[in-house]
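What's in model-v1.cif: mmCIF, C-alpha atoms
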```cif
data_entry
#
loop_
_atom_site.label_atom_id
_atom_site.label_comp_id
_atom_site.auth_asym_id
_atom_site.auth_seq_id
_atom_site.Cartn_x
_atom_site.Cartn_y
_atom_site.Cartn_z
CA MET A 1 -9.95 -32.79 5.66
CA THR A 2 -7.77 -34.07 2.82
CA MET A 3 -6.82 -32.06 -0.23
CA ARG A 4 -8.98 -34.30 -2.41
CA LYS A 5 -12.05 -33.65 -0.26
CA TRP A 6 -11.40 -29.91 -0.35
CA ILE A 7 -11.27 -29.90 -4.14
CA GLY A 8 -14.53 -31.81 -4.36
CA ALA A 9 -16.43 -30.13 -1.50
CA ALA A 10 -20.11 -29.33 -2.14
CA LEU A 11 -21.84 -25.94 -2.07
CA ILE A 12 -23.87 -24.76 0.92
CA THR A 13 -26.99 -22.60 1.06
CA SER A 14 -26.55 -18.92 0.13
CA VAL A 15 -27.89 -15.79 1.81
CA VAL A 16 -29.33 -12.60 0.36
CA ALA A 17 -27.08 -9.85 -1.03
CA SER A 18 -27.86 -6.31 -2.10
CA PRO A 19 -26.50 -5.26 -5.52
CA LEU A 20 -24.94 -1.81 -5.71
CA LYS A 21 -24.12 0.37 -8.69
CA ALA A 22 -22.38 -1.30 -11.63
CA ASP A 23 -20.24 0.61 -14.14
CA GLU A 24 -18.94 -0.90 -17.39
CA ASP A 25 -17.20 -4.19 -16.49
CA VAL A 26 -17.12 -3.58 -12.71
CA THR A 27 -20.01 -4.81 -10.58
CA THR A 28 -20.35 -4.43 -6.82
CA TYR A 29 -22.45 -6.08 -4.13
CA THR A 30 -22.67 -6.13 -0.35
CA LEU A 31 -23.66 -9.28 1.53
CA ASP A 32 -26.03 -9.10 4.46
CA ASN A 33 -23.10 -9.62 6.84
CA GLY A 34 -21.41 -6.48 5.50
CA MET A 35 -18.83 -8.05 3.21
CA ASP A 36 -18.23 -6.02 0.04
CA ILE A 37 -17.75 -7.70 -3.32
CA VAL A 38 -16.17 -6.26 -6.46
CA VAL A 39 -16.23 -8.20 -9.73
CA ILE A 40 -14.06 -7.08 -12.66
CA GLU A 41 -14.95 -8.93 -15.84
CA ASP A 42 -12.25 -9.74 -18.38
CA HIS A 43 -12.93 -12.73 -20.60
CA ARG A 44 -9.77 -12.69 -22.69
CA ALA A 45 -8.25 -15.63 -20.80
CA ALA A 46 -9.79 -18.43 -18.74
CA ALA A 47 -8.10 -17.26 -15.54
CA VAL A 48 -9.01 -15.27 -12.45
CA THR A 49 -7.37 -13.33 -9.66
CA ASN A 50 -9.15 -13.89 -6.36
CA MET A 51 -8.41 -11.42 -3.55
CA VAL A 52 -9.64 -10.89 -0.02
CA TRP A 53 -8.73 -7.51 1.48
CA TYR A 54 -9.12 -6.57 5.13
CA ARG A 55 -9.50 -2.94 6.18
CA THR A 56 -6.73 -3.24 8.73
CA GLY A 57 -3.00 -2.79 8.66
CA ALA A 58 -0.02 -1.63 10.64
CA ALA A 59 -1.68 1.70 11.50
CA ASP A 60 -4.52 -0.15 13.24
CA GLU A 61 -2.34 -2.10 15.68
CA PRO A 62 -2.72 -1.71 19.45
CA PRO A 63 0.07 0.25 21.16
CA GLY A 64 3.13 -1.85 21.91
CA LYS A 65 2.21 -4.55 19.38
CA SER A 66 3.90 -3.17 16.26
CA GLY A 67 4.26 -5.74 13.51
CA ILE A 68 1.25 -7.81 14.58
CA ALA A 69 -0.70 -7.10 11.35
CA HIS A 70 2.19 -8.37 9.22
CA PHE A 71 2.87 -11.26 11.61
CA LEU A 72 -0.77 -12.37 11.34
CA GLU A 73 -0.52 -12.24 7.55
CA HIS A 74 2.22 -14.87 7.81
CA LEU A 75 0.26 -16.94 10.30
CA LEU A 76 -2.80 -17.21 8.06
CA PHE A 77 -0.82 -19.73 6.02
CA LYS A 78 -0.25 -21.92 9.08
CA GLY A 79 -3.52 -23.81 8.98
CA THR A 80 -7.16 -23.98 10.03
CA ASP A 81 -9.38 -26.65 11.53
CA GLU A 82 -9.63 -28.06 7.99
CA LEU A 83 -6.15 -27.45 6.55
CA GLY A 84 -2.73 -28.15 8.02
CA PRO A 85 0.22 -25.73 7.98
CA GLY A 86 1.21 -24.91 4.42
CA GLU A 87 -1.65 -26.88 2.89
CA PHE A 88 -3.47 -23.77 1.63
CA SER A 89 -0.61 -22.85 -0.72
CA ALA A 90 -0.03 -26.50 -1.58
CA ILE A 91 -3.63 -26.80 -2.81
CA VAL A 92 -3.30 -23.62 -4.86
CA GLU A 93 -0.12 -24.95 -6.46
CA ALA A 94 -1.69 -28.39 -7.07
CA ASN A 95 -4.43 -26.60 -8.99
CA GLY A 96 -1.92 -24.82 -11.20
CA GLY A 97 -2.09 -21.49 -9.43
CA SER A 98 0.01 -19.15 -7.31
CA ASP A 99 -0.77 -17.25 -4.12
CA ASN A 100 0.68 -14.68 -1.76
CA ALA A 101 -0.24 -11.90 0.66
CA PHE A 102 0.82 -8.39 1.63
CA THR A 103 0.45 -5.88 4.45
CA SER A 104 0.49 -2.09 4.42
CA TRP A 105 -0.43 0.59 6.96
CA ASP A 106 -4.06 0.63 5.80
CA TYR A 107 -4.79 -2.90 4.60
CA THR A 108 -3.87 -6.56 4.50
CA GLY A 109 -4.57 -8.61 1.38
CA TYR A 110 -4.48 -12.23 0.24
CA PHE A 111 -4.66 -13.40 -3.37
CA GLN A 112 -4.56 -16.37 -5.70
CA ARG A 113 -4.15 -16.55 -9.47
CA VAL A 114 -5.81 -19.67 -10.85
CA ALA A 115 -7.79 -21.07 -13.75
CA ALA A 116 -11.34 -19.74 -13.76
CA ASP A 117 -12.85 -23.15 -12.97
CA ARG A 118 -10.88 -23.25 -9.68
CA LEU A 119 -12.43 -20.07 -8.31
CA GLU A 120 -14.89 -21.74 -5.98
CA LEU A 121 -12.13 -23.69 -4.28
CA MET A 122 -10.20 -20.46 -3.64
CA ILE A 123 -13.25 -18.69 -2.21
CA LYS A 124 -14.05 -21.68 -0.02
CA MET A 125 -10.54 -21.76 1.43
CA GLU A 126 -10.47 -18.00 2.04
CA ALA A 127 -13.79 -18.23 3.89
CA ASP A 128 -12.36 -21.04 6.00
CA ARG A 129 -9.34 -19.06 7.13
CA MET A 130 -11.46 -15.99 7.84
CA THR A 131 -13.06 -17.88 10.74
CA ASP A 132 -11.18 -21.06 11.62
CA LEU A 133 -7.51 -20.16 12.01
CA VAL A 134 -5.69 -22.61 14.28
CA LEU A 135 -2.47 -21.44 15.94
CA THR A 136 -0.11 -23.24 18.29
CA ASP A 137 3.20 -22.12 19.71
CA ASP A 138 4.85 -24.78 17.55
CA VAL A 139 4.07 -22.68 14.46
CA VAL A 140 3.84 -19.19 15.99
CA LEU A 141 7.28 -18.99 17.59
CA PRO A 142 9.28 -20.19 14.54
CA GLU A 143 7.29 -17.80 12.34
CA ARG A 144 8.16 -14.95 14.70
CA ASP A 145 11.80 -15.76 13.98
CA VAL A 146 10.97 -15.54 10.27
CA ILE A 147 9.59 -12.01 10.51
CA LEU A 148 12.53 -10.93 12.67
CA GLU A 149 14.88 -12.20 9.98
CA GLU A 150 12.78 -10.38 7.39
CA ARG A 151 13.31 -7.17 9.33
CA SER A 152 17.04 -7.87 9.44
CA GLN A 153 17.16 -8.28 5.66
CA ARG A 154 14.82 -5.44 4.65
CA ILE A 155 15.63 -2.75 7.20
CA ASP A 156 18.54 -3.47 9.52
CA SER A 157 20.93 -4.50 6.73
CA SER A 158 20.03 -1.51 4.54
CA ALA A 159 21.35 1.96 5.30
CA GLY A 160 18.64 3.43 3.09
CA GLY A 161 16.02 1.34 4.86
CA ILE A 162 17.13 2.68 8.22
CA LEU A 163 17.09 6.28 7.00
CA GLY A 164 13.63 5.79 5.51
CA GLU A 165 12.33 4.34 8.77
CA GLN A 166 13.81 7.20 10.79
CA ARG A 167 12.47 9.78 8.34
CA ARG A 168 8.94 8.40 8.68
CA ALA A 169 9.22 8.41 12.47
CA ALA A 170 10.23 12.08 12.29
CA GLN A 171 7.46 12.87 9.81
CA TYR A 172 4.62 11.60 12.00
CA LEU A 173 4.76 12.74 15.61
CA ASN A 174 1.31 11.47 16.54
CA HIS A 175 -0.08 9.33 13.73
CA PRO A 176 0.66 5.56 13.64
CA TYR A 177 2.08 5.89 10.12
CA ALA A 178 5.29 6.57 12.07
CA ILE A 179 5.45 2.87 12.99
CA PRO A 180 7.14 0.47 10.51
CA ILE A 181 4.83 -2.04 8.86
CA ILE A 182 7.15 -4.83 9.87
CA GLY A 183 7.33 -3.45 13.42
CA TRP A 184 9.98 -2.26 15.85
CA ARG A 185 12.32 -5.12 16.68
CA HIS A 186 11.97 -4.86 20.47
CA GLU A 187 8.18 -5.18 20.15
CA MET A 188 8.27 -7.89 17.48
CA GLU A 189 10.36 -10.05 19.80
CA GLN A 190 7.54 -10.02 22.35
CA LEU A 191 4.62 -10.85 20.01
CA THR A 192 2.67 -13.91 21.14
CA ARG A 193 0.12 -16.39 19.87
CA GLN A 194 -2.55 -14.58 21.89
CA ASP A 195 -1.60 -11.22 20.35
CA ALA A 196 -2.16 -12.72 16.90
CA LEU A 197 -5.49 -14.29 17.86
CA ASP A 198 -6.72 -11.05 19.46
CA PHE A 199 -5.96 -9.09 16.29
CA TYR A 200 -7.50 -11.80 14.12
CA GLU A 201 -10.72 -11.98 16.13
CA THR A 202 -11.08 -8.20 16.09
CA PHE A 203 -10.41 -7.40 12.44
CA TYR A 204 -10.84 -10.58 10.37
CA ALA A 205 -14.59 -10.43 9.87
CA PRO A 206 -16.79 -10.14 6.78
CA ASN A 207 -17.92 -6.61 7.68
CA ASN A 208 -14.26 -5.57 7.55
CA ALA A 209 -13.44 -7.40 4.31
CA ILE A 210 -13.69 -6.98 0.55
CA LEU A 211 -13.77 -9.86 -1.94
CA ILE A 212 -12.37 -8.82 -5.33
CA VAL A 213 -12.52 -11.23 -8.25
CA ALA A 214 -11.07 -10.20 -11.61
CA GLY A 215 -10.95 -12.18 -14.83
CA ASP A 216 -13.08 -14.71 -16.70
CA VAL A 217 -16.12 -14.59 -14.40
CA LYS A 218 -19.75 -13.52 -14.38
CA PRO A 219 -20.82 -11.23 -11.52
CA GLU A 220 -23.85 -13.32 -10.61
CA GLU A 221 -21.69 -16.43 -10.28
CA VAL A 222 -19.22 -14.66 -8.00
CA LEU A 223 -22.14 -13.42 -5.92
CA ARG A 224 -23.51 -16.95 -5.65
CA LEU A 225 -20.15 -18.30 -4.51
CA ALA A 226 -19.71 -15.47 -2.02
CA GLN A 227 -23.19 -16.03 -0.62
CA THR A 228 -22.47 -19.72 -0.27
CA HIS A 229 -19.10 -19.53 1.46
CA PHE A 230 -18.83 -16.08 3.07
CA GLY A 231 -22.54 -15.42 3.58
CA PRO A 232 -22.99 -17.66 6.64
CA ILE A 233 -20.10 -16.01 8.50
CA PRO A 234 -21.50 -13.56 11.07
CA ALA A 235 -20.40 -9.94 11.15
CA ASN A 236 -18.35 -8.77 14.10
CA PRO A 237 -20.69 -6.46 16.04
CA ASP A 238 -17.73 -5.14 18.03
CA LEU A 239 -15.62 -4.09 15.05
CA PRO A 240 -13.96 -0.85 16.23
CA GLU A 241 -14.53 2.37 14.33
CA ARG A 242 -11.53 3.23 12.20
CA VAL A 243 -10.45 6.42 13.98
CA ARG A 244 -6.77 7.25 14.37
CA PRO A 245 -4.83 10.01 16.10
CA GLN A 246 -4.02 12.77 13.63
CA GLU A 247 -0.97 14.99 13.23
CA PRO A 248 -0.72 18.34 15.02
CA PRO A 249 0.39 21.33 12.92
CA GLN A 250 4.11 21.16 12.15
CA VAL A 251 5.72 24.26 13.62
CA ALA A 252 9.42 23.48 13.12
CA GLU A 253 11.61 21.94 10.46
CA ARG A 254 12.79 18.42 11.33
CA ARG A 255 16.22 17.20 10.31
CA ILE A 256 17.91 13.81 10.66
CA ALA A 257 21.31 12.50 9.62
CA TYR A 258 22.42 8.88 9.42
CA ALA A 259 25.97 7.70 8.75
CA ASP A 260 26.78 4.10 7.90
CA PRO A 261 29.88 2.34 6.54
CA ARG A 262 27.70 0.51 4.00
CA VAL A 263 26.68 3.72 2.23
CA ALA A 264 27.98 3.65 -1.33
CA GLN A 265 26.24 6.80 -2.47
CA PRO A 266 25.13 9.58 -0.07
CA TYR A 267 21.86 11.33 -0.79
CA VAL A 268 19.32 13.83 0.49
CA LEU A 269 15.72 12.84 1.20
CA GLN A 270 13.18 15.59 1.87
CA THR A 271 9.44 15.20 2.50
CA PHE A 272 6.39 17.30 3.30
CA LEU A 273 3.08 16.19 4.80
CA ALA A 274 0.47 16.22 2.02
CA PRO A 275 -3.25 15.46 1.61
CA GLU A 276 -4.34 12.02 0.43
CA ARG A 277 -7.05 11.20 -2.10
CA ASP A 278 -10.38 11.84 -0.39
CA PRO A 279 -13.68 10.27 -1.49
CA GLY A 280 -15.54 12.67 -3.73
CA ALA A 281 -12.74 15.25 -3.50
CA GLN A 282 -9.65 14.03 -5.37
CA GLU A 283 -8.70 17.27 -7.10
CA THR A 284 -5.87 18.25 -4.73
CA ALA A 285 -4.38 14.76 -4.94
CA ALA A 286 -4.57 14.94 -8.73
CA ALA A 287 -2.63 18.21 -8.70
CA LEU A 288 0.01 16.66 -6.42
CA THR A 289 0.27 13.59 -8.65
CA LEU A 290 0.98 15.75 -11.69
CA LEU A 291 3.29 18.02 -9.69
CA ALA A 292 5.46 15.03 -8.74
CA GLU A 293 5.68 13.98 -12.38
CA LEU A 294 6.58 17.49 -13.50
CA LEU A 295 9.28 17.97 -10.88
CA GLY A 296 10.85 14.54 -10.76
CA GLY A 297 8.97 11.87 -12.67
CA SER A 298 11.56 11.28 -15.40
CA SER A 299 15.24 12.16 -15.22
CA ALA A 300 15.33 13.13 -18.88
CA THR A 301 12.27 15.38 -18.95
CA SER A 302 11.46 16.50 -15.39
CA VAL A 303 12.40 19.85 -13.87
CA LEU A 304 14.87 18.41 -11.35
CA GLY A 305 16.37 15.88 -13.72
CA GLY A 306 16.69 18.27 -16.62
CA LYS A 307 18.40 20.93 -14.53
CA LEU A 308 20.55 18.98 -12.07
CA GLU A 309 21.35 15.76 -13.96
CA PHE A 310 21.62 16.91 -17.57
CA GLU A 311 22.18 20.65 -17.68
CA GLU A 312 24.35 21.26 -14.62
CA ARG A 313 25.66 17.70 -14.03
CA ARG A 314 25.43 18.22 -10.28
CA SER A 315 23.35 15.08 -9.60
CA VAL A 316 23.49 11.47 -10.68
CA TYR A 317 19.83 10.88 -9.81
CA THR A 318 16.83 12.96 -8.78
CA SER A 319 13.20 12.14 -8.12
CA ALA A 320 9.97 13.56 -6.78
CA PHE A 321 7.34 11.22 -5.37
CA TYR A 322 3.78 11.26 -4.10
CA SER A 323 1.21 8.53 -3.51
CA GLY A 324 -2.26 9.70 -2.63
CA MET A 325 -3.67 6.23 -1.97
CA SER A 326 -3.75 6.49 1.80
CA LEU A 327 -6.45 6.59 4.46
CA ASP A 328 -4.85 9.60 6.18
CA ASP A 329 -2.34 12.30 5.22
CA THR A 330 0.54 11.07 3.11
CA THR A 331 3.82 12.68 1.97
CA PHE A 332 5.27 14.47 -1.03
CA GLY A 333 9.03 14.17 -1.31
CA PHE A 334 12.30 14.60 -3.16
CA ILE A 335 15.48 12.58 -3.50
CA ASN A 336 18.75 14.05 -4.73
CA VAL A 337 21.84 11.89 -5.18
CA PRO A 338 24.69 14.35 -5.76
CA ALA A 339 27.53 13.90 -8.22
CA GLU A 340 31.06 13.36 -6.96
CA GLY A 341 32.39 16.50 -5.28
CA ILE A 342 28.95 17.90 -4.46
CA SER A 343 28.26 17.96 -0.72
CA LEU A 344 24.94 17.00 0.83
CA ALA A 345 24.47 20.60 1.95
CA GLU A 346 24.86 21.67 -1.69
CA ALA A 347 22.55 18.88 -2.86
CA GLU A 348 19.86 20.04 -0.45
CA ALA A 349 20.33 23.64 -1.58
CA ASP A 350 20.00 22.45 -5.19
CA ILE A 351 16.55 21.00 -4.45
CA ASP A 352 15.49 24.26 -2.81
CA ARG A 353 16.85 26.34 -5.69
CA VAL A 354 15.26 24.35 -8.50
CA VAL A 355 11.89 24.17 -6.74
CA ALA A 356 12.01 27.93 -6.11
CA GLU A 357 12.72 28.51 -9.82
CA PHE A 358 9.76 26.30 -10.71
CA MET A 359 7.51 28.30 -8.40
CA GLU A 360 8.62 31.48 -10.18
CA GLU A 361 8.37 30.18 -13.73
CA GLY A 362 5.28 27.99 -13.43
CA VAL A 363 4.24 24.85 -15.28
CA ASP A 364 5.51 24.10 -18.76
CA GLU A 365 2.21 23.47 -20.59
CA ALA A 366 3.84 21.19 -23.17
CA ALA A 367 5.36 19.06 -20.42
CA LEU A 368 2.01 18.86 -18.63
CA GLU A 369 0.23 17.68 -21.78
CA ARG A 370 2.94 15.07 -22.40
CA ILE A 371 2.51 13.73 -18.87
CA LYS A 372 -1.27 13.60 -19.21
CA MET A 373 -0.89 11.65 -22.46
CA GLN A 374 1.46 9.20 -20.74
CA ILE A 375 -1.04 8.78 -17.92
CA ARG A 376 -3.84 8.10 -20.41
CA ALA A 377 -1.72 5.48 -22.14
CA SER A 378 -0.73 3.90 -18.84
CA GLU A 379 -4.37 3.64 -17.79
CA ILE A 380 -5.25 1.87 -21.04
CA TYR A 381 -2.30 -0.51 -20.86
CA GLY A 382 -3.09 -1.18 -17.20
CA ARG A 383 -6.33 -2.83 -18.24
CA ASP A 384 -4.28 -5.68 -19.72
CA SER A 385 -3.50 -6.96 -16.22
CA VAL A 386 -6.52 -8.20 -14.28
CA GLY A 387 -4.33 -8.61 -11.21
CA SER A 388 -3.26 -4.99 -11.34
CA ARG A 389 -6.84 -3.81 -11.74
CA ALA A 390 -7.95 -5.92 -8.80
CA ARG A 391 -5.14 -4.48 -6.68
CA LEU A 392 -6.04 -0.94 -7.76
CA TYR A 393 -9.60 -1.34 -6.50
CA GLY A 394 -8.53 -3.12 -3.33
CA THR A 395 -6.02 -0.45 -2.38
CA ALA A 396 -8.56 2.29 -3.04
CA LEU A 397 -11.46 0.73 -1.16
CA THR A 398 -9.38 -0.09 1.91
CA SER A 399 -8.03 3.49 1.83
CA GLY A 400 -11.46 5.05 2.13
CA LEU A 401 -12.27 5.59 -1.56
CA THR A 402 -15.19 4.20 -3.56
CA VAL A 403 -15.53 2.40 -6.88
CA GLU A 404 -16.87 5.65 -8.30
CA ASP A 405 -13.73 7.48 -7.08
CA VAL A 406 -11.48 4.97 -8.84
CA GLN A 407 -13.40 5.33 -12.10
CA ALA A 408 -13.48 9.14 -11.88
CA TRP A 409 -9.73 9.46 -11.21
CA PRO A 410 -8.46 9.43 -14.84
CA ASP A 411 -10.86 12.21 -15.83
CA ILE A 412 -9.93 14.27 -12.76
CA LEU A 413 -6.27 14.02 -13.69
CA GLN A 414 -6.98 15.11 -17.26
CA ALA A 415 -9.06 18.08 -16.05
CA THR A 416 -6.34 19.37 -13.73
CA THR A 417 -4.82 22.62 -14.99
CA ALA A 418 -1.46 24.30 -14.59
CA ASP A 419 -3.10 26.86 -12.30
CA ASP A 420 -4.48 24.04 -10.13
CA ILE A 421 -1.00 22.56 -9.82
CA MET A 422 0.68 25.85 -8.92
CA ALA A 423 -2.00 26.70 -6.35
CA THR A 424 -1.51 23.35 -4.67
CA ALA A 425 2.29 23.63 -4.79
CA ALA A 426 2.08 27.02 -3.06
CA THR A 427 0.48 25.36 -0.04
CA LEU A 428 3.08 22.58 0.14
CA PHE A 429 6.64 23.86 -0.10
CA ASP A 430 7.33 25.52 3.24
CA LYS A 431 10.86 24.66 4.38
CA GLY A 432 9.78 25.22 7.97
CA LYS A 433 7.49 22.22 7.54
CA ALA A 434 9.97 19.91 5.84
CA VAL A 435 11.55 16.72 7.12
CA THR A 436 15.06 16.49 5.68
CA GLY A 437 17.30 13.45 5.94
CA TRP A 438 20.92 13.01 4.96
CA LEU A 439 22.38 9.57 4.29
CA MET A 440 26.16 9.74 4.72
CA ARG A 441 29.22 7.55 4.58
CA GLU A 442 30.53 6.79 8.06
CA GLY A 443 33.73 8.72 8.66
CA ALA A 444 32.76 11.40 6.16
CA GLU A 445 29.91 12.98 8.11
CA GLU A 446 28.85 16.44 7.14
CA VAL A 447 27.36 19.00 9.48
CA MET A 448 23.68 19.66 8.87
CA GLN A 449 22.95 23.36 8.62
#
```

Please express what this file holds, its structure, as structure tokens.
Amino acid sequence: MTMRKWIGAALITSVVASPLKADEDVTTYTLDNGMDIVVIEDHRAAAVTNMVWYRTGAADEPPGKSGIAHFLEHLLFKGTDELGPGEFSAIVEANGGSDNAFTSWDYTGYFQRVAADRLELMIKMEADRMTDLVLTDDVVLPERDVILEERSQRIDSSAGGILGEQRRAAQYLNHPYAIPIIGWRHEMEQLTRQDALDFYETFYAPNNAILIVAGDVKPEEVLRLAQTHFGPIPANPDLPERVRPQEPPQVAERRIAYADPRVAQPYVLQTFLAPERDPGAQETAAALTLLAELLGGSSATSVLGGKLEFEERRSVYTSAFYSGMSLDDTTFGFINVPAEGISLAEAEADIDRVVAEFMEEGVDEAALERIKMQIRASEIYGRDSVGSRARLYGTALTSGLTVEDVQAWPDILQATTADDIMATAATLFDKGKAVTGWLMREGAEEVMQ
């Protein structure tokens, strides 16, 4: 079908949907085929962000097929029975919009940003590629070369990327979060057209998908369009249950060291397995979120930055990090980039020392209130971006949370106390359960203790 015919295509008959709970400017529905719909109204500009999220990612890949989720993301731009290779993005651009896609361990997402009156065209095209992907070796094999080159650029040519990949593999002994999203090179090289089609036919179904539309729209109109274009697509009755192998208890510290001639600045990376945000029970994740901000959120005001960068001048950069948006257990970690003349052994000891002091002294209440105020401000400012709000809901829903969890999160953060934070920290910082990585200059290797 030509681009002109696509733009002018007519509507088809809709099917019944069941409205779920609506809160403020967010409305949700579920179609009879199991597809979830989230509508985020924002009428300040005549534009929309249209997103389709699939509850599948790198952690859902079959053994030996690492990288297939990301590979398939690329291949969804290679055409359907209606559109030729590259024509999807060409139509979006011809309509004044932009589009892209992304893959993580827990989800794969596709989005377009367009004028509000182009929404139906976007939904129609997304419905088409949910069911009618056409792949030939002529497009699959060159695209495999593309993802291999992407791995070369993002991981293989980056000493930090290699350390991060090795650290994650050491962190997860049993869970598929150990596998890189982009895949292991030796497995990527063997991915085939049939591998992509098998993954597509298993996971790309309406009962495994979420349509999120944010911007200048009315919920009932989005529902009508979804019923028209996604409604007739049958659910996959054989969609596998999302059950993954879980981690055994960590009984020994794990340590890795990587030396590379490209390393300009050595550093220490240390992580601990930590709980994710759970539906209806986000309090521990809230405490960990605030703990990361207190310890290493800002160089100028955090515990690590204030002590090691400004007071003692022993580090040029420090950070603490935690992201609870994950289907299964995630990580809490530290980075310490030592100043000239400070060894990696000393830099690691500095992390241990400052964290131990924090555990003795407790939370600075003034610092906690400042962080909570910054979080409140960030949440308000975040409403200015409909794309960011759509992505927030998509990440949460594909990670096992609900709309209600997303909306409750700011209040849970504000209600978290210093005692909550310290109690959670006490369960986390056990050096015998740490994964510690050293990134070193080749030829100047240090001995890990």

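In this comparison, which uses all atoms listed in the file, the residue of A:Pro410, A:Gly443, A:Pro279, A:Gly341 approaching Asp260 (chain A) most closely is A:Gly443.
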
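Across A:Leu141, A:Ala214, A:Ala434, A:Leu191, the tightest approach to Leu392 (chain A) is made by A:Ala214 when counting all atoms listed in the file.
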
Residue members of the PyMOL selection byres ((chain A and resi 332) around 8) in the file shown, as a PyMOL selection string: chain A and resi 271-274+288+292+320-323+330-331+333-334

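The gap separating CA of Ile380 (chain A) from CA of Glu293 (chain A) is 18.5 Å, in Å to one decimal.
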
Hits of the PyMOL selection byres ((chain A and resi 351-361) around 8) in this structure, as a ChimeraX atom specification: /A:295,303-304,307,334,336,347-350,362-363,422,425-426

Residues matched by the PyMOL selection byres ((chain A and resi 55) around 6), written as a PyMOL selection string: chain A and resi 54+56+107+208+398

Point-to-point distance from CA of Asp198 (chain A) to CA of Ile68 (chain A), Å rounded to tenths: 9.9 Å

Residue completion, region 401-414 of chain A, N, CA and C atoms, as a tab-separated table (two decimals), keeping the file's coordinate frame:
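To be explicit, this is the file written out as selection27.tsv:
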```
chain	number	residue	atom	x	y	z
A	401	LEU	N	-11.66	5.16	-0.31
A	401	LEU	CA	-12.27	5.59	-1.56
A	401	LEU	C	-13.40	4.65	-1.97
A	402	THR	N	-14.10	5.01	-3.04
A	402	THR	CA	-15.19	4.20	-3.56
A	402	THR	C	-14.87	3.75	-4.98
A	403	VAL	N	-15.68	2.82	-5.49
A	403	VAL	CA	-15.53	2.40	-6.88
A	403	VAL	C	-15.70	3.60	-7.80
A	404	GLU	N	-16.65	4.46	-7.49
A	404	GLU	CA	-16.87	5.65	-8.30
A	404	GLU	C	-15.65	6.57	-8.29
A	405	ASP	N	-14.95	6.67	-7.15
A	405	ASP	CA	-13.73	7.48	-7.08
A	405	ASP	C	-12.65	6.92	-8.00
A	406	VAL	N	-12.49	5.60	-7.99
A	406	VAL	CA	-11.48	4.97	-8.84
A	406	VAL	C	-11.78	5.25	-10.31
A	407	GLN	N	-13.04	5.15	-10.70
A	407	GLN	CA	-13.40	5.33	-12.10
A	407	GLN	C	-13.36	6.80	-12.51
A	408	ALA	N	-13.54	7.70	-11.56
A	408	ALA	CA	-13.48	9.14	-11.88
A	408	ALA	C	-12.04	9.66	-11.96
A	409	TRP	N	-11.10	8.97	-11.34
A	409	TRP	CA	-9.73	9.46	-11.21
A	409	TRP	C	-9.06	9.84	-12.54
A	410	PRO	N	-9.12	9.02	-13.59
A	410	PRO	CA	-8.46	9.43	-14.84
A	410	PRO	C	-8.98	10.75	-15.39
A	411	ASP	N	-10.29	10.96	-15.32
A	411	ASP	CA	-10.86	12.21	-15.83
A	411	ASP	C	-10.46	13.40	-14.96
A	412	ILE	N	-10.36	13.19	-13.66
A	412	ILE	CA	-9.93	14.27	-12.76
A	412	ILE	C	-8.49	14.68	-13.07
A	413	LEU	N	-7.64	13.70	-13.31
A	413	LEU	CA	-6.27	14.02	-13.69
A	413	LEU	C	-6.23	14.83	-14.98
A	414	GLN	N	-7.00	14.41	-15.98
A	414	GLN	CA	-6.98	15.11	-17.26
A	414	GLN	C	-7.53	16.52	-17.15
```
